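Below is the file input18.cif, which contains mmCIF, C-alpha atoms.
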data_entry
loop_
_atom_site.label_atom_id
_atom_site.label_comp_id
_atom_site.auth_asym_id
_atom_site.auth_seq_id
_atom_site.Cartn_x
_atom_site.Cartn_y
_atom_site.Cartn_z
CA THR S 3 -43.79 27.85 -8.57
CA GLN S 4 -42.16 30.43 -6.33
CA LEU S 5 -41.31 33.56 -8.25
CA LEU S 6 -38.24 35.73 -8.05
CA GLU S 7 -38.90 39.32 -9.04
CA GLN S 8 -36.05 41.55 -10.09
CA SER S 9 -36.14 45.33 -10.28
CA PRO S 10 -35.57 47.41 -12.19
CA GLN S 11 -35.81 45.56 -15.49
CA PHE S 12 -33.46 48.02 -17.16
CA LEU S 13 -30.89 50.47 -15.83
CA SER S 14 -28.80 52.90 -17.83
CA ILE S 15 -26.19 54.95 -16.01
CA GLN S 16 -23.02 56.92 -16.61
CA GLU S 17 -19.61 55.63 -15.71
CA GLY S 18 -18.78 56.43 -12.09
CA GLU S 19 -22.35 56.33 -10.82
CA ASN S 20 -23.66 53.82 -8.30
CA LEU S 21 -26.52 51.39 -8.88
CA THR S 22 -28.57 48.86 -6.96
CA VAL S 23 -30.48 45.87 -8.31
CA TYR S 24 -33.10 44.09 -6.24
CA CYS S 25 -34.32 40.51 -6.13
CA ASN S 26 -37.46 39.76 -4.14
CA SER S 27 -39.62 36.77 -3.39
CA SER S 28 -42.44 35.78 -1.07
CA SER S 29 -40.73 32.52 -0.21
CA VAL S 30 -37.64 31.63 1.79
CA PHE S 31 -34.56 30.43 -0.04
CA SER S 32 -31.86 28.09 1.20
CA SER S 33 -29.37 29.96 -0.93
CA LEU S 34 -29.36 32.71 -3.49
CA GLN S 35 -26.95 33.31 -6.33
CA TRP S 36 -26.18 36.24 -8.61
CA TYR S 37 -25.02 35.71 -12.18
CA ARG S 38 -23.95 38.09 -14.94
CA GLN S 39 -24.62 37.30 -18.56
CA GLU S 40 -23.06 39.00 -21.56
CA PRO S 41 -24.45 38.83 -25.10
CA GLY S 42 -23.84 35.50 -26.81
CA GLU S 43 -22.68 33.80 -23.64
CA GLY S 44 -24.07 31.79 -20.78
CA PRO S 45 -24.47 33.29 -17.31
CA VAL S 46 -21.42 33.33 -15.07
CA LEU S 47 -21.66 33.08 -11.29
CA LEU S 48 -20.73 36.18 -9.31
CA VAL S 49 -21.61 35.12 -5.76
CA THR S 50 -23.61 32.73 -3.59
CA VAL S 51 -25.19 33.80 -0.30
CA VAL S 52 -26.62 31.31 2.15
CA THR S 53 -27.01 33.02 5.54
CA GLY S 54 -29.72 35.57 6.35
CA GLY S 55 -28.20 39.03 6.67
CA GLU S 56 -25.02 37.96 4.89
CA VAL S 57 -23.04 40.61 3.03
CA LYS S 58 -20.40 39.69 0.46
CA LYS S 59 -18.11 42.00 -1.45
CA LEU S 60 -16.50 41.36 -4.79
CA LYS S 61 -14.34 44.39 -5.62
CA ARG S 62 -16.89 47.13 -6.39
CA LEU S 63 -19.88 44.79 -6.09
CA THR S 64 -21.68 44.32 -2.77
CA PHE S 65 -24.25 41.56 -2.33
CA GLN S 66 -26.68 41.34 0.54
CA PHE S 67 -29.04 38.53 1.55
CA GLY S 68 -32.09 39.65 3.50
CA ASP S 69 -32.45 38.63 7.13
CA ALA S 70 -35.49 36.49 6.28
CA ARG S 71 -33.73 34.99 3.23
CA LYS S 72 -36.51 36.16 0.93
CA ASP S 73 -34.70 38.95 -0.86
CA SER S 74 -31.30 40.11 -1.99
CA SER S 75 -29.63 43.15 -3.47
CA LEU S 76 -26.62 43.85 -5.63
CA HIS S 77 -24.94 47.23 -5.32
CA ILE S 78 -22.26 48.41 -7.72
CA THR S 79 -20.09 51.32 -6.69
CA ALA S 80 -18.52 53.58 -9.31
CA ALA S 81 -19.83 51.54 -12.23
CA GLN S 82 -17.61 50.98 -15.25
CA PRO S 83 -18.50 50.08 -18.84
CA GLY S 84 -17.23 46.56 -18.14
CA ASP S 85 -20.10 46.15 -15.65
CA THR S 86 -22.57 46.23 -18.55
CA GLY S 87 -24.57 43.03 -18.73
CA LEU S 88 -27.69 41.15 -17.70
CA TYR S 89 -27.72 40.48 -13.96
CA LEU S 90 -29.71 37.46 -12.85
CA CYS S 91 -30.58 36.28 -9.38
CA ALA S 92 -31.34 32.62 -8.74
CA GLY S 93 -32.72 30.97 -5.64
CA ALA S 94 -32.83 27.42 -4.38
CA HIS S 95 -35.29 25.93 -1.90
CA GLN S 96 -34.54 23.23 0.63
CA ASP S 97 -37.70 21.33 -0.38
CA SER S 98 -37.02 21.47 -4.13
CA TRP S 99 -33.67 19.86 -4.57
CA GLY S 100 -32.28 20.48 -8.03
CA LYS S 101 -34.72 23.24 -8.97
CA LEU S 102 -33.03 26.59 -9.24
CA GLN S 103 -35.43 29.50 -9.86
CA PHE S 104 -34.16 32.46 -11.86
CA GLY S 105 -35.42 36.01 -11.92
CA ALA S 106 -36.10 37.69 -15.27
CA GLY S 107 -32.94 39.73 -14.97
CA THR S 108 -31.88 43.37 -14.88
CA GLN S 109 -30.18 44.76 -17.96
CA VAL S 110 -27.48 47.21 -16.87
CA VAL S 111 -25.86 49.55 -19.36
CA VAL S 112 -22.94 51.70 -18.25
CA THR S 113 -21.88 54.36 -20.73
CA PRO S 114 -18.49 56.09 -20.70
CA GLU E 28 -10.33 23.45 -20.02
CA ALA E 29 -13.44 22.92 -17.89
CA GLN E 30 -16.46 23.52 -20.03
CA VAL E 31 -20.02 22.70 -20.99
CA THR E 32 -20.39 22.20 -24.73
CA GLN E 33 -23.68 22.50 -26.56
CA ASN E 34 -24.43 21.68 -30.18
CA PRO E 35 -25.70 23.07 -32.39
CA ARG E 36 -25.22 26.71 -31.45
CA TYR E 37 -27.77 27.83 -34.01
CA LEU E 38 -30.57 25.90 -35.66
CA ILE E 39 -33.51 26.77 -37.84
CA THR E 40 -36.01 23.98 -38.29
CA VAL E 41 -39.64 23.42 -39.23
CA THR E 42 -42.61 22.39 -37.14
CA GLY E 43 -42.71 18.69 -36.39
CA LYS E 44 -39.17 17.79 -37.39
CA LYS E 45 -37.53 16.00 -34.47
CA LEU E 46 -34.29 17.46 -33.22
CA THR E 47 -31.75 16.89 -30.49
CA VAL E 48 -29.55 19.47 -28.80
CA THR E 49 -26.52 17.81 -27.29
CA CYS E 50 -24.82 18.85 -24.08
CA SER E 51 -21.54 17.52 -22.74
CA GLN E 52 -19.50 18.49 -19.69
CA ASN E 53 -15.93 17.50 -18.87
CA MET E 54 -15.97 18.30 -15.14
CA ASN E 55 -17.39 14.98 -13.90
CA HIS E 56 -20.38 16.85 -12.50
CA GLU E 57 -23.31 14.87 -11.19
CA TYR E 58 -25.94 17.57 -11.68
CA MET E 59 -27.02 18.82 -15.10
CA SER E 60 -29.93 20.95 -16.18
CA TRP E 61 -31.58 22.52 -19.22
CA TYR E 62 -33.02 26.04 -19.34
CA ARG E 63 -34.71 28.15 -21.93
CA GLN E 64 -34.32 31.91 -21.97
CA ASP E 65 -36.99 34.19 -23.41
CA PRO E 66 -37.15 38.00 -23.30
CA GLY E 67 -38.76 39.24 -20.11
CA LEU E 68 -39.07 35.74 -18.67
CA GLY E 69 -35.51 35.02 -17.67
CA LEU E 70 -34.22 31.48 -17.45
CA ARG E 71 -36.84 28.78 -16.98
CA GLN E 72 -35.84 25.27 -16.08
CA ILE E 73 -36.95 22.51 -18.46
CA TYR E 74 -35.47 19.35 -16.96
CA TYR E 75 -32.71 18.50 -14.56
CA SER E 76 -30.72 15.43 -13.60
CA MET E 77 -29.20 14.68 -10.23
CA ASN E 78 -27.13 11.81 -11.59
CA VAL E 79 -27.00 9.11 -14.24
CA GLU E 80 -30.42 7.65 -14.98
CA VAL E 81 -32.09 10.18 -12.67
CA THR E 82 -34.05 12.97 -14.33
CA ASP E 83 -36.90 15.21 -13.21
CA LYS E 84 -39.15 17.89 -14.61
CA GLY E 85 -38.44 21.55 -14.15
CA ASP E 86 -41.00 24.31 -14.57
CA VAL E 87 -41.59 24.04 -18.34
CA PRO E 88 -41.07 20.39 -19.40
CA GLU E 89 -43.93 20.13 -21.93
CA GLY E 90 -42.74 19.24 -25.41
CA TYR E 91 -39.27 18.18 -24.30
CA LYS E 92 -37.53 14.96 -23.36
CA VAL E 93 -34.13 14.28 -21.87
CA SER E 94 -31.95 11.30 -21.09
CA ARG E 95 -28.94 10.77 -18.87
CA LYS E 96 -27.31 7.51 -19.87
CA GLU E 97 -23.83 8.65 -18.90
CA LYS E 98 -22.56 11.30 -16.54
CA ARG E 99 -21.04 13.65 -19.09
CA ASN E 100 -23.96 13.90 -21.54
CA PHE E 101 -27.45 15.28 -21.15
CA PRO E 102 -29.21 15.71 -24.53
CA LEU E 103 -32.42 17.69 -24.95
CA ILE E 104 -34.89 16.15 -27.38
CA LEU E 105 -37.73 17.95 -29.12
CA GLU E 106 -39.86 15.17 -30.60
CA SER E 107 -42.20 17.47 -32.54
CA PRO E 108 -40.99 21.07 -32.31
CA SER E 109 -43.51 23.89 -32.45
CA PRO E 110 -42.99 27.64 -32.99
CA ASN E 111 -43.50 28.35 -29.27
CA GLN E 112 -40.29 26.41 -28.64
CA THR E 113 -38.31 29.05 -30.48
CA SER E 114 -35.92 30.18 -27.80
CA LEU E 115 -32.35 30.35 -26.52
CA TYR E 116 -31.46 27.14 -24.71
CA PHE E 117 -28.78 26.69 -22.07
CA CYS E 118 -27.34 23.55 -20.58
CA ALA E 119 -25.66 23.79 -17.19
CA SER E 120 -23.84 21.51 -14.79
CA SER E 121 -22.77 21.61 -11.18
CA GLY E 122 -20.60 19.55 -8.89
CA THR E 123 -21.47 18.52 -5.35
CA GLY E 124 -23.54 21.04 -3.45
CA TYR E 125 -25.69 22.08 -6.38
CA LEU E 126 -27.94 24.13 -4.14
CA SER E 127 -25.12 26.44 -3.18
CA GLY E 128 -22.52 25.53 -5.71
CA GLU E 129 -21.75 27.14 -9.00
CA LEU E 130 -23.71 26.37 -12.13
CA PHE E 131 -21.50 26.21 -15.20
CA PHE E 132 -23.37 27.15 -18.36
CA GLY E 133 -22.79 26.31 -21.96
CA GLU E 134 -22.73 29.07 -24.57
CA GLY E 135 -26.32 28.52 -25.56
CA SER E 136 -28.20 27.11 -28.54
CA ARG E 137 -30.48 29.45 -30.42
CA LEU E 138 -33.37 27.50 -31.91
CA THR E 139 -35.91 28.85 -34.39
CA VAL E 140 -38.94 26.73 -35.27
CA LEU E 141 -40.81 27.88 -38.38
#
As a first step, turn the structure in this file into structure tokens.
Amino acid sequence: TQLLEQSPQFLSIQEGENLTVYCNSSSVFSSLQWYRQEPGEGPVLLVTVVTGGEVKKLKRLTFQFGDARKDSSLHITAAQPGDTGLYLCAGAHQDSWGKLQFGAGTQVVVTP
Amino acid sequence: EAQVTQNPRYLITVTGKKLTVTCSQNMNHEYMSWYRQDPGLGLRQIYYSMNVEVTDKGDVPEGYKVSRKEKRNFPLILESPSPNQTSLYFCASSGTGYLSGELFFGEGSRLTVL
């Protein structure tokens, strides 16, 4: 089983600050996804990256896929309380069709 | 409304009493999967199904069974539940391109085995 490691596990910041969450693995992924989960709900997809070096922006969120397709980062600029949630990365391998590996998640808390 | 529906949402049961968690999706998705979520461990895949009558083990299949007799339904069966199966369970589905496509999750089923 290839592991996806997320860091940090927990992040508490003030509104307006920036934050970065990391997702790392020793194996190469065909694609990598980021989800956000709020209490009592299932995860919701934020973005999918498939090309090494790819950068995608979603309003104040910037996602980057490493050149070697082994790691990814999520950067939030000027965080707001609505950004509070559990952020999960998930990777898929070409040789394991149907098996999507999830990281343990980063709990982000943004206080006003 | 496109959705994945799980039932029950909450269940408390006792060791050894067989139970089934149902999952239904109305998006005509071919791919469906079950996950369990435990603190500090994230989402771990139990079983997945590429299409009707096609199922395969995920990372933690022990103690679970699934079936995929029709496209929309993918029930999770615990033949003899044990306390270590106490967890939050999620069903998910995806259309074509499941490796890069979006997984749609249900709202989760919180199971407690005493």
Contact residues around segment 109-111 of chain S with all atoms listed in the file at 6 Å, ignoring same-chain residues under 5 positions, as a list of chain:residue names: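 These residues fall inside the cut-off: S:Phe12, S:Leu13, S:Ser14, S:Thr86, S:Gly87, S:Leu88.
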Atom CA of Asn34 of chain E to atom CA of Ser120 of chain E, straight-line distance in Å: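 Separation of atom CA of Ser120 of chain E and atom CA of Asn34 of chain E: 15.4 Å.
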Exercise answer, chain S residues close to chain E, 12 Å and only C-alpha atoms, as a VMD selection string: chain S and resid 3 to 12 31 to 53 88 to 109
Contact residues around Thr32 of chain E with all atoms listed in the file at 7 Å, ignoring same-chain residues under 3 positions, as a list in words: Cys50, Ser51, Gln52 and Gly133 of chain E
Radius query 6 Å about (-19.7, 21.4, -10.5), atoms used: only C-alpha atoms, as a count of residues only: 4
Distance in Å - atom CA of Thr47 of chain E versus atom CA of Leu138 of chain E: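 Straight-line distance from atom CA of Thr47 of chain E to atom CA of Leu138 of chain E works out to 10.8 Å.
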Sphere at (-27.7, 41.4, -3.0), radius 7 Å, counting only C-alpha atoms: residues as number ranges by chain: S: 24, 64-67, 74-77
Neighbour list for Ser109 of chain E as a ChimeraX atom specification, cut-off 10 Å, all atoms listed in the file, skip fewer than 3 positions in-chain: /E:40-44,90,105-106,112-113,139-141
The PyMOL selection byres ((chain E and resi 96) around 6) resolved against shown file, as an NGL selection string: :E and (79-80 or 95 or 97)
Output C-alpha atoms for every residue in the selection just made, as a short mmCIF file (atom, residue, chain, number, x, y, z; two decimals), in the frame of the given file.
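What landed in again.cif:
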data_model
loop_
_atom_site.label_atom_id
_atom_site.label_comp_id
_atom_site.auth_asym_id
_atom_site.auth_seq_id
_atom_site.Cartn_x
_atom_site.Cartn_y
_atom_site.Cartn_z
CA VAL E 79 -27.00 9.11 -14.24
CA GLU E 80 -30.42 7.65 -14.98
CA ARG E 95 -28.94 10.77 -18.87
CA GLU E 97 -23.83 8.65 -18.90
#
Distance of atom CA of Ser114 of chain E from atom CA of Val87 of chain E, expressed in Å to one decimal place: 12.6 Å
Residues selected by the PyMOL selection byres ((chain S and resi 69) around 7), written as a VMD selection string: chain S and resid 54 to 55 67 to 68 70 to 71
Write the selection just made, keeping C-alpha atoms, as a short mmCIF file (atom, residue, chain, number, x, y, z; two decimals), in the frame of the given file?
data_model
loop_
_atom_site.label_atom_id
_atom_site.label_comp_id
_atom_site.auth_asym_id
_atom_site.auth_seq_id
_atom_site.Cartn_x
_atom_site.Cartn_y
_atom_site.Cartn_z
CA GLY S 54 -29.72 35.57 6.35
CA GLY S 55 -28.20 39.03 6.67
CA PHE S 67 -29.04 38.53 1.55
CA GLY S 68 -32.09 39.65 3.50
CA ALA S 70 -35.49 36.49 6.28
CA ARG S 71 -33.73 34.99 3.23
#
Gly84 of chain S surroundings by all atoms listed in the file, 10 Å radius, close-in-sequence under 3 positions cut, as an MDAnalysis selection string: chainID S and resid 17 81 87 111:114
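Distances to Val93 of chain E were evaluated for E:Gln30, E:Ile39, E:Met54, E:Val81 using all atoms listed in the file, and the minimum falls at E:Val81.
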Would you fill the gaps in segment 18-37 of chain S so it has N, CA, C and O atoms, then print it as a short mmCIF file (atom, residue, chain, number, x, y, z; two decimals), in the coordinates of the input?
data_model
loop_
_atom_site.label_atom_id
_atom_site.label_comp_id
_atom_site.auth_asym_id
_atom_site.auth_seq_id
_atom_site.Cartn_x
_atom_site.Cartn_y
_atom_site.Cartn_z
N GLY S 18 -19.06 55.75 -13.34
CA GLY S 18 -18.78 56.43 -12.09
C GLY S 18 -19.96 56.50 -11.14
O GLY S 18 -19.79 56.75 -9.94
N GLU S 19 -21.16 56.30 -11.68
CA GLU S 19 -22.35 56.33 -10.82
C GLU S 19 -22.52 55.00 -10.08
O GLU S 19 -21.92 53.99 -10.43
N ASN S 20 -23.35 55.03 -9.06
CA ASN S 20 -23.66 53.82 -8.30
C ASN S 20 -25.02 53.27 -8.74
O ASN S 20 -25.87 54.01 -9.26
N LEU S 21 -25.23 51.98 -8.54
CA LEU S 21 -26.52 51.39 -8.88
C LEU S 21 -26.83 50.23 -7.93
O LEU S 21 -25.93 49.62 -7.35
N THR S 22 -28.12 49.99 -7.78
CA THR S 22 -28.57 48.86 -6.96
C THR S 22 -29.65 48.08 -7.70
O THR S 22 -30.56 48.68 -8.27
N VAL S 23 -29.51 46.78 -7.69
CA VAL S 23 -30.48 45.87 -8.31
C VAL S 23 -31.09 45.02 -7.20
O VAL S 23 -30.39 44.57 -6.29
N TYR S 24 -32.40 44.80 -7.29
CA TYR S 24 -33.10 44.09 -6.24
C TYR S 24 -33.69 42.78 -6.75
O TYR S 24 -34.09 42.67 -7.91
N CYS S 25 -33.76 41.83 -5.83
CA CYS S 25 -34.32 40.51 -6.13
C CYS S 25 -35.22 40.13 -4.96
O CYS S 25 -34.73 40.03 -3.82
N ASN S 26 -36.51 39.98 -5.22
CA ASN S 26 -37.46 39.76 -4.14
C ASN S 26 -38.35 38.54 -4.39
O ASN S 26 -38.69 38.23 -5.53
N SER S 27 -38.74 37.91 -3.29
CA SER S 27 -39.62 36.77 -3.39
C SER S 27 -40.49 36.70 -2.14
O SER S 27 -40.16 37.29 -1.11
N SER S 28 -41.58 35.98 -2.24
CA SER S 28 -42.44 35.78 -1.07
C SER S 28 -42.04 34.52 -0.30
O SER S 28 -42.58 34.24 0.77
N SER S 29 -41.12 33.76 -0.86
CA SER S 29 -40.73 32.52 -0.21
C SER S 29 -39.29 32.58 0.29
O SER S 29 -38.50 33.42 -0.13
N VAL S 30 -38.97 31.68 1.18
CA VAL S 30 -37.64 31.63 1.79
C VAL S 30 -36.73 30.75 0.95
O VAL S 30 -37.12 29.67 0.51
N PHE S 31 -35.53 31.20 0.74
CA PHE S 31 -34.56 30.43 -0.04
C PHE S 31 -33.46 29.87 0.85
O PHE S 31 -33.03 30.49 1.81
N SER S 32 -33.01 28.68 0.51
CA SER S 32 -31.86 28.09 1.20
C SER S 32 -30.59 28.81 0.80
O SER S 32 -29.67 28.95 1.61
N SER S 33 -30.53 29.21 -0.45
CA SER S 33 -29.37 29.96 -0.93
C SER S 33 -29.81 30.81 -2.11
O SER S 33 -30.82 30.54 -2.75
N LEU S 34 -29.04 31.84 -2.38
CA LEU S 34 -29.36 32.71 -3.49
C LEU S 34 -28.06 33.06 -4.21
O LEU S 34 -27.03 33.30 -3.57
N GLN S 35 -28.13 33.04 -5.53
CA GLN S 35 -26.95 33.31 -6.33
C GLN S 35 -27.21 34.49 -7.25
O GLN S 35 -28.34 34.76 -7.65
N TRP S 36 -26.14 35.17 -7.60
CA TRP S 36 -26.18 36.24 -8.61
C TRP S 36 -25.25 35.84 -9.76
O TRP S 36 -24.11 35.42 -9.54
N TYR S 37 -25.78 35.99 -10.97
CA TYR S 37 -25.02 35.71 -12.18
C TYR S 37 -25.01 36.95 -13.06
O TYR S 37 -25.92 37.78 -13.01
#
